Amino acid sequence: MCSILTKVRPIHRAVALSLRLGASTECSRYAATQSRRLSRGVNSVVDPLRINARFYCSRTAKTEGLLFRQLFEVESCTYTYLLADTKTKEAIIIDPVLETIDRDLNLVMELGLKLTLAVNTHCHADHITSSGLMKKRVAGLKSAISKWSGASADILLSEGDKIAFGKHYLTVRETPGHTDGCITFVSADESMVFTGDSLLIRGCGRTDFQQGCPKCLYDSVHDKIFTLPDNCLIYPAHDYLGQTVSTVGEERKFNPRLTKSKDEFVEIMNNLNLRKPFKIGTKTILFHSLNIKLQHYTPHL
């Protein structure tokens with residue numbers, strides 16, 4: 001379900017928050033089952049939680065003059081990323097979540113930043129983006145998403161586009177497979193990559209709902225992400241085991257799905273037998289009650 005909101009009133013936000021209270025354990029349920037999903041094709045003697053464990057968090061950028069913050073939303077286990085030029089104070093935010101809009105905007109204010117763009121890696125099904133409401137609260141803020149997402153935004157992105165903030169920029173790489181509209185953002189010096197749901201830490205986005213295509217996802221990751229330098233830091237849109245960052249070299253070597261051949265990967269993805277996303281029914285009722293026209297998308301895992 002596409003979660004780009006064009007009109008959200010305060011009462012709507014309150015309704016959304018109240019509906020989410022009943023689903024607050026979804027993240028923990030994902031964590032409990034994630035090891036089983038990710039261990040498909042992995043030697044059963046190896047503890048998948050152990051090979052997946054990486055609990056440190058890198059909150060400083062390797063690029064000079066770049067401010068970087070990794071932020072976490074606990075209900076959907078979503079990572080939001082704030083990047084800024086330390087000199088000009090121009091900033092962008094990646095995958096902001098409705099429930100944490102106050103936290104995010106307070107941080108922007110505390111750091112004295114000028115937020116210019118809220119960008120989504122794809123249409124999310126497990127949470128509602130805050131980009132629409134954020135535009136109402138931040139003068140001059142624009143929204144952006146892939147032109148293939150089917151969503152409306154101020155800027156529709158495609159392969160090779162550059163997202164500039166101060167002297168820095170991210171380059172757009174189209175990485176379909178989880179959805180048609182998935183995009184990945186690569187820093188100018190290729191030291192960081194924001195992969196959305198296309199590539200997770202020791203995992204990847206699911207492909208068994210509409211617009212899902214395991215062959216496309218395999219090609220996207222291998223052609224657009226695994227071609228980056230080994231030491232390029234991977235920052236995904238989600239994690240359910242407390243992991244915060246990986247590297248291209250690690251995922252090329254240890255990702256239990258994407259180290260397989262394409263045929264093996266397709267077989268794994270076609271036989272995950274995952275349950276229907278927990279929040280789709282709840283969110284459909286919410287959006288209908290708010291009379292907001294949305295498209296139906298699928299969650300990540």
# chains A, B, ... in the order shown; residues from 1 in each chain; ligands from 1
$ select_by_dssp --residues "region 41-224 of chain A" --states "alpha helix (DSSP H)" --output "JSON list (two decimals) with all heavy atoms, in the first residue's frame"
[["chain", "number", "residue", "atom", "x", "y", "z"],
["A", 48, "PRO", "N", 21.75, -18.95, 12.77],
["A", 48, "PRO", "CA", 21.53, -17.78, 11.93],
["A", 48, "PRO", "C", 21.54, -16.48, 12.71],
["A", 48, "PRO", "O", 21.93, -15.45, 12.19],
["A", 48, "PRO", "CB", 20.14, -18.03, 11.32],
["A", 48, "PRO", "CG", 19.49, -19.03, 12.23],
["A", 48, "PRO", "CD", 20.61, -19.87, 12.77],
["A", 49, "LEU", "N", 21.12, -16.51, 13.97],
["A", 49, "LEU", "CA", 21.17, -15.29, 14.77],
["A", 49, "LEU", "C", 22.60, -14.87, 15.01],
["A", 49, "LEU", "O", 22.92, -13.69, 15.06],
["A", 49, "LEU", "CB", 20.45, -15.50, 16.10],
["A", 49, "LEU", "CG", 18.93, -15.54, 16.03],
["A", 49, "LEU", "CD1", 18.36, -15.87, 17.41],
["A", 49, "LEU", "CD2", 18.37, -14.23, 15.54],
["A", 50, "ARG", "N", 23.48, -15.86, 15.15],
["A", 50, "ARG", "CA", 24.88, -15.53, 15.42],
["A", 50, "ARG", "C", 25.54, -14.94, 14.17],
["A", 50, "ARG", "O", 26.25, -13.94, 14.25],
["A", 50, "ARG", "CB", 25.64, -16.78, 15.87],
["A", 50, "ARG", "CG", 27.09, -16.48, 16.28],
["A", 50, "ARG", "CD", 27.73, -17.73, 16.87],
["A", 50, "ARG", "NE", 27.07, -18.16, 18.07],
["A", 50, "ARG", "CZ", 27.29, -17.63, 19.27],
["A", 50, "ARG", "NH1", 28.16, -16.66, 19.42],
["A", 50, "ARG", "NH2", 26.65, -18.09, 20.32],
["A", 51, "ILE", "N", 25.31, -15.56, 13.00],
["A", 51, "ILE", "CA", 25.96, -15.04, 11.81],
["A", 51, "ILE", "C", 25.37, -13.70, 11.40],
["A", 51, "ILE", "O", 25.99, -12.92, 10.70],
["A", 51, "ILE", "CB", 25.87, -16.03, 10.63],
["A", 51, "ILE", "CG1", 24.41, -16.21, 10.19],
["A", 51, "ILE", "CG2", 26.50, -17.35, 10.96],
["A", 51, "ILE", "CD1", 24.27, -17.00, 8.90],
["A", 52, "ASN", "N", 24.13, -13.43, 11.84],
["A", 52, "ASN", "CA", 23.50, -12.17, 11.47],
["A", 52, "ASN", "C", 23.78, -11.06, 12.48],
["A", 52, "ASN", "O", 23.46, -9.92, 12.23],
["A", 52, "ASN", "CB", 21.98, -12.35, 11.37],
["A", 52, "ASN", "CG", 21.59, -13.04, 10.08],
["A", 52, "ASN", "OD1", 22.10, -12.71, 9.03],
["A", 52, "ASN", "ND2", 20.70, -14.00, 10.18],
["A", 101, "ILE", "N", 7.65, 11.90, 13.39],
["A", 101, "ILE", "CA", 7.84, 13.20, 12.74],
["A", 101, "ILE", "C", 8.29, 14.26, 13.74],
["A", 101, "ILE", "O", 9.17, 15.08, 13.42],
["A", 101, "ILE", "CB", 6.55, 13.65, 12.01],
["A", 101, "ILE", "CG1", 6.82, 14.96, 11.25],
["A", 101, "ILE", "CG2", 5.37, 13.78, 12.96],
["A", 101, "ILE", "CD1", 5.67, 15.37, 10.34],
["A", 102, "ASP", "N", 7.76, 14.26, 14.95],
["A", 102, "ASP", "CA", 8.18, 15.26, 15.94],
["A", 102, "ASP", "C", 9.64, 15.07, 16.31],
["A", 102, "ASP", "O", 10.39, 16.04, 16.41],
["A", 102, "ASP", "CB", 7.30, 15.18, 17.18],
["A", 102, "ASP", "CG", 5.87, 15.63, 16.92],
["A", 102, "ASP", "OD1", 5.67, 16.46, 16.01],
["A", 102, "ASP", "OD2", 4.95, 15.14, 17.61],
["A", 103, "ARG", "N", 10.04, 13.84, 16.54],
["A", 103, "ARG", "CA", 11.45, 13.56, 16.86],
["A", 103, "ARG", "C", 12.36, 14.05, 15.74],
["A", 103, "ARG", "O", 13.39, 14.71, 15.99],
["A", 103, "ARG", "CB", 11.65, 12.05, 17.06],
["A", 103, "ARG", "CG", 13.10, 11.65, 17.31],
["A", 103, "ARG", "CD", 13.35, 10.19, 16.93],
["A", 103, "ARG", "NE", 13.17, 9.96, 15.49],
["A", 103, "ARG", "CZ", 13.21, 8.76, 14.94],
["A", 103, "ARG", "NH1", 13.38, 7.68, 15.69],
["A", 103, "ARG", "NH2", 13.07, 8.62, 13.62],
["A", 104, "ASP", "N", 11.99, 13.73, 14.50],
["A", 104, "ASP", "CA", 12.84, 14.08, 13.37],
["A", 104, "ASP", "C", 12.95, 15.59, 13.19],
["A", 104, "ASP", "O", 14.05, 16.13, 12.99],
["A", 104, "ASP", "CB", 12.30, 13.43, 12.10],
["A", 104, "ASP", "CG", 12.32, 11.91, 12.17],
["A", 104, "ASP", "OD1", 13.03, 11.37, 13.04],
["A", 104, "ASP", "OD2", 11.62, 11.27, 11.35],
["A", 105, "LEU", "N", 11.83, 16.28, 13.27],
["A", 105, "LEU", "CA", 11.86, 17.73, 13.08],
["A", 105, "LEU", "C", 12.53, 18.44, 14.25],
["A", 105, "LEU", "O", 13.18, 19.48, 14.05],
["A", 105, "LEU", "CB", 10.44, 18.25, 12.87],
["A", 105, "LEU", "CG", 9.77, 17.84, 11.54],
["A", 105, "LEU", "CD1", 8.40, 18.48, 11.40],
["A", 105, "LEU", "CD2", 10.65, 18.18, 10.34],
["A", 106, "ASN", "N", 12.40, 17.89, 15.45],
["A", 106, "ASN", "CA", 13.11, 18.46, 16.59],
["A", 106, "ASN", "C", 14.62, 18.35, 16.40],
["A", 106, "ASN", "O", 15.38, 19.28, 16.72],
["A", 106, "ASN", "CB", 12.69, 17.76, 17.89],
["A", 106, "ASN", "CG", 11.32, 18.20, 18.37],
["A", 106, "ASN", "OD1", 10.83, 19.25, 17.98],
["A", 106, "ASN", "ND2", 10.71, 17.37, 19.20],
["A", 107, "LEU", "N", 15.06, 17.22, 15.88],
["A", 107, "LEU", "CA", 16.49, 17.04, 15.63],
["A", 107, "LEU", "C", 16.98, 18.01, 14.56],
["A", 107, "LEU", "O", 18.06, 18.61, 14.70],
["A", 107, "LEU", "CB", 16.77, 15.60, 15.20],
["A", 107, "LEU", "CG", 18.23, 15.26, 14.89],
["A", 107, "LEU", "CD1", 19.11, 15.50, 16.12],
["A", 107, "LEU", "CD2", 18.36, 13.81, 14.40],
["A", 108, "VAL", "N", 16.21, 18.16, 13.51],
["A", 108, "VAL", "CA", 16.56, 19.12, 12.46],
["A", 108, "VAL", "C", 16.71, 20.52, 13.06],
["A", 108, "VAL", "O", 17.66, 21.25, 12.75],
["A", 108, "VAL", "CB", 15.49, 19.12, 11.35],
["A", 108, "VAL", "CG1", 15.69, 20.30, 10.39],
["A", 108, "VAL", "CG2", 15.54, 17.81, 10.57],
["A", 109, "MET", "N", 15.79, 20.89, 13.94],
["A", 109, "MET", "CA", 15.83, 22.22, 14.56],
["A", 109, "MET", "C", 17.04, 22.34, 15.49],
["A", 109, "MET", "O", 17.75, 23.35, 15.47],
["A", 109, "MET", "CB", 14.55, 22.47, 15.34],
["A", 109, "MET", "CG", 14.48, 23.83, 16.02],
["A", 109, "MET", "SD", 12.94, 24.07, 16.96],
["A", 109, "MET", "CE", 13.10, 22.77, 18.20],
["A", 110, "GLU", "N", 17.28, 21.32, 16.30],
["A", 110, "GLU", "CA", 18.40, 21.37, 17.24],
["A", 110, "GLU", "C", 19.74, 21.51, 16.52],
["A", 110, "GLU", "O", 20.65, 22.20, 17.00],
["A", 110, "GLU", "CB", 18.41, 20.10, 18.09],
["A", 110, "GLU", "CG", 17.28, 20.03, 19.12],
["A", 110, "GLU", "CD", 17.21, 18.68, 19.81],
["A", 110, "GLU", "OE1", 17.91, 17.73, 19.38],
["A", 110, "GLU", "OE2", 16.44, 18.57, 20.78],
["A", 131, "SER", "N", 6.31, 12.25, 4.98],
["A", 131, "SER", "CA", 6.73, 13.30, 4.05],
["A", 131, "SER", "C", 5.61, 14.29, 3.73],
["A", 131, "SER", "O", 5.84, 15.49, 3.61],
["A", 131, "SER", "CB", 7.29, 12.69, 2.76],
["A", 131, "SER", "OG", 6.35, 11.81, 2.17],
["A", 132, "GLY", "N", 4.37, 13.78, 3.59],
["A", 132, "GLY", "CA", 3.25, 14.68, 3.29],
["A", 132, "GLY", "C", 2.98, 15.66, 4.41],
["A", 132, "GLY", "O", 2.85, 16.87, 4.18],
["A", 133, "LEU", "N", 2.90, 15.16, 5.66],
["A", 133, "LEU", "CA", 2.68, 16.03, 6.80],
["A", 133, "LEU", "C", 3.88, 16.93, 7.06],
["A", 133, "LEU", "O", 3.74, 18.10, 7.45],
["A", 133, "LEU", "CB", 2.38, 15.19, 8.04],
["A", 133, "LEU", "CG", 2.03, 15.95, 9.32],
["A", 133, "LEU", "CD1", 0.80, 16.83, 9.11],
["A", 133, "LEU", "CD2", 1.79, 14.98, 10.47],
["A", 134, "MET", "N", 5.06, 16.40, 6.81],
["A", 134, "MET", "CA", 6.28, 17.17, 7.02],
["A", 134, "MET", "C", 6.32, 18.41, 6.12],
["A", 134, "MET", "O", 6.79, 19.48, 6.52],
["A", 134, "MET", "CB", 7.51, 16.28, 6.77],
["A", 134, "MET", "CG", 8.80, 16.80, 7.33],
["A", 134, "MET", "SD", 10.14, 15.58, 7.19],
["A", 134, "MET", "CE", 9.76, 14.49, 8.57],
["A", 135, "LYS", "N", 5.81, 18.26, 4.90],
["A", 135, "LYS", "CA", 5.76, 19.39, 3.98],
["A", 135, "LYS", "C", 4.89, 20.52, 4.52],
["A", 135, "LYS", "O", 5.14, 21.69, 4.24],
["A", 135, "LYS", "CB", 5.24, 18.94, 2.62],
["A", 135, "LYS", "CG", 6.24, 18.13, 1.81],
["A", 135, "LYS", "CD", 5.61, 17.57, 0.55],
["A", 135, "LYS", "CE", 5.03, 18.66, -0.32],
["A", 135, "LYS", "NZ", 4.43, 18.12, -1.56],
["A", 136, "LYS", "N", 3.86, 20.17, 5.27],
["A", 136, "LYS", "CA", 2.98, 21.18, 5.85],
["A", 136, "LYS", "C", 3.66, 21.94, 6.99],
["A", 136, "LYS", "O", 3.25, 23.05, 7.33],
["A", 136, "LYS", "CB", 1.69, 20.52, 6.35],
["A", 136, "LYS", "CG", 0.83, 19.93, 5.25],
["A", 136, "LYS", "CD", -0.40, 19.28, 5.84],
["A", 136, "LYS", "CE", -1.29, 18.70, 4.75],
["A", 136, "LYS", "NZ", -1.86, 19.74, 3.87],
["A", 137, "ARG", "N", 4.66, 21.31, 7.58],
["A", 137, "ARG", "CA", 5.30, 21.90, 8.76],
["A", 137, "ARG", "C", 6.65, 22.53, 8.46],
["A", 137, "ARG", "O", 7.21, 23.25, 9.31],
["A", 137, "ARG", "CB", 5.44, 20.84, 9.85],
["A", 137, "ARG", "CG", 4.09, 20.36, 10.36],
["A", 137, "ARG", "CD", 4.19, 19.22, 11.34],
["A", 137, "ARG", "NE", 5.04, 19.50, 12.48],
["A", 137, "ARG", "CZ", 5.22, 18.66, 13.51],
["A", 137, "ARG", "NH1", 4.53, 17.51, 13.53],
["A", 137, "ARG", "NH2", 6.02, 18.98, 14.49],
["A", 214, "PRO", "N", 11.44, -11.96, -8.21],
["A", 214, "PRO", "CA", 12.74, -12.39, -7.69],
["A", 214, "PRO", "C", 13.88, -12.26, -8.70],
["A", 214, "PRO", "O", 15.00, -11.91, -8.32],
["A", 214, "PRO", "CB", 12.49, -13.84, -7.29],
["A", 214, "PRO", "CG", 11.24, -14.26, -7.98],
["A", 214, "PRO", "CD", 10.43, -13.02, -8.15],
["A", 215, "LYS", "N", 13.61, -12.51, -9.96],
["A", 215, "LYS", "CA", 14.67, -12.37, -10.97],
["A", 215, "LYS", "C", 15.11, -10.92, -11.08],
["A", 215, "LYS", "O", 16.32, -10.64, -11.16],
["A", 215, "LYS", "CB", 14.18, -12.87, -12.33],
["A", 215, "LYS", "CG", 13.99, -14.38, -12.42],
["A", 215, "LYS", "CD", 13.57, -14.81, -13.82],
["A", 215, "LYS", "CE", 13.41, -16.31, -13.90],
["A", 215, "LYS", "NZ", 12.98, -16.76, -15.27],
["A", 216, "CYS", "N", 14.14, -10.00, -11.07],
["A", 216, "CYS", "CA", 14.48, -8.58, -11.13],
["A", 216, "CYS", "C", 15.26, -8.14, -9.90],
["A", 216, "CYS", "O", 16.23, -7.37, -10.01],
["A", 216, "CYS", "CB", 13.21, -7.74, -11.25],
["A", 216, "CYS", "SG", 12.31, -7.95, -12.80],
["A", 217, "LEU", "N", 14.86, -8.61, -8.73],
["A", 217, "LEU", "CA", 15.54, -8.23, -7.50],
["A", 217, "LEU", "C", 16.97, -8.75, -7.50],
["A", 217, "LEU", "O", 17.90, -8.03, -7.12],
["A", 217, "LEU", "CB", 14.79, -8.76, -6.28],
["A", 217, "LEU", "CG", 15.39, -8.39, -4.92],
["A", 217, "LEU", "CD1", 15.51, -6.88, -4.77],
["A", 217, "LEU", "CD2", 14.54, -8.98, -3.79],
["A", 218, "TYR", "N", 17.16, -9.98, -7.93],
["A", 218, "TYR", "CA", 18.51, -10.56, -7.99],
["A", 218, "TYR", "C", 19.41, -9.72, -8.90],
["A", 218, "TYR", "O", 20.54, -9.37, -8.53],
["A", 218, "TYR", "CB", 18.42, -11.99, -8.50],
["A", 218, "TYR", "CG", 19.72, -12.77, -8.43],
["A", 218, "TYR", "CD1", 20.04, -13.52, -7.31],
["A", 218, "TYR", "CD2", 20.62, -12.76, -9.50],
["A", 218, "TYR", "CE1", 21.23, -14.25, -7.25],
["A", 218, "TYR", "CE2", 21.81, -13.47, -9.45],
["A", 218, "TYR", "CZ", 22.11, -14.21, -8.32],
["A", 218, "TYR", "OH", 23.29, -14.92, -8.27],
["A", 219, "ASP", "N", 18.90, -9.38, -10.09],
["A", 219, "ASP", "CA", 19.69, -8.58, -11.03],
["A", 219, "ASP", "C", 19.95, -7.18, -10.46],
["A", 219, "ASP", "O", 21.06, -6.65, -10.62],
["A", 219, "ASP", "CB", 18.96, -8.47, -12.36],
["A", 219, "ASP", "CG", 18.94, -9.78, -13.13],
["A", 219, "ASP", "OD1", 19.79, -10.64, -12.85],
["A", 219, "ASP", "OD2", 18.07, -9.94, -14.01],
["A", 220, "SER", "N", 18.94, -6.59, -9.82],
["A", 220, "SER", "CA", 19.11, -5.26, -9.25],
["A", 220, "SER", "C", 20.23, -5.22, -8.23],
["A", 220, "SER", "O", 21.11, -4.33, -8.27],
["A", 220, "SER", "CB", 17.81, -4.80, -8.60],
["A", 220, "SER", "OG", 16.80, -4.56, -9.55]]
$ residues_around --residues "Leu82 (chain A)" --least-positions-apart "3" --cutoff "12 Å" --atoms "only C-alpha atoms" --output "MDAnalysis selection string"
chainID A and resid 59:61 66:72 79 85 89:96 103:105 107:108 111 113:119 165 194 235
$ atom_distance --atom1 "CA of Gln243 (chain A)" --atom2 "CA of Thr184 (chain A)"
19.1 Å
$ select_by_dssp --residues "region 119-268 of chain A" --states "strand (DSSP E)" --output "MDAnalysis selection string"
chainID A and resid 119 142:146 155:157 162:165 168:174 183:187 192:196 233:236 246:247
$ residues_around --residues "Glu159 (chain A)" --least-positions-apart "5" --cutoff "7 Å" --atoms "only C-alpha atoms" --output "mmCIF file with all heavy atoms, in the first residue's frame"
data_model
loop_
_atom_site.group_PDB
_atom_site.id
_atom_site.type_symbol
_atom_site.label_atom_id
_atom_site.label_comp_id
_atom_site.auth_asym_id
_atom_site.auth_seq_id
_atom_site.Cartn_x
_atom_site.Cartn_y
_atom_site.Cartn_z
ATOM 1 N N VAL A 172 20.820 8.294 -7.777
ATOM 2 C CA VAL A 172 19.727 7.331 -7.789
ATOM 3 C C VAL A 172 20.079 6.135 -8.670
ATOM 4 O O VAL A 172 20.518 6.303 -9.808
ATOM 5 C CB VAL A 172 18.429 7.982 -8.309
ATOM 6 C CG1 VAL A 172 17.321 6.942 -8.436
ATOM 7 C CG2 VAL A 172 18.005 9.128 -7.404
ATOM 8 N N ARG A 173 19.880 4.944 -8.126
ATOM 9 C CA ARG A 173 19.974 3.712 -8.905
ATOM 10 C C ARG A 173 18.642 2.974 -8.775
ATOM 11 O O ARG A 173 18.179 2.723 -7.661
ATOM 12 C CB ARG A 173 21.122 2.823 -8.411
ATOM 13 C CG ARG A 173 22.494 3.448 -8.584
ATOM 14 C CD ARG A 173 23.628 2.454 -8.362
ATOM 15 N NE ARG A 173 24.929 3.077 -8.561
ATOM 16 C CZ ARG A 173 26.091 2.415 -8.604
ATOM 17 N NH1 ARG A 173 26.093 1.091 -8.454
ATOM 18 N NH2 ARG A 173 27.222 3.067 -8.785
ATOM 19 N N GLU A 174 18.037 2.661 -9.885
ATOM 20 C CA GLU A 174 16.774 1.936 -9.862
ATOM 21 C C GLU A 174 17.038 0.466 -9.553
ATOM 22 O O GLU A 174 17.831 -0.188 -10.229
ATOM 23 C CB GLU A 174 16.065 2.081 -11.205
ATOM 24 C CG GLU A 174 15.627 3.514 -11.484
ATOM 25 C CD GLU A 174 15.013 3.690 -12.866
ATOM 26 O OE1 GLU A 174 15.138 2.756 -13.689
ATOM 27 O OE2 GLU A 174 14.415 4.748 -13.116
#
$ atom_distance --atom1 "CA of Ile183 (chain A)" --atom2 "CA of Asp197 (chain A)"
9.0 Å
$ residues_around --residues "Asn273 (chain A)" --least-positions-apart "3" --cutoff "9 Å" --atoms "only C-alpha atoms" --output "list in words"
Asp208, Met269 and Asn270 of chain A
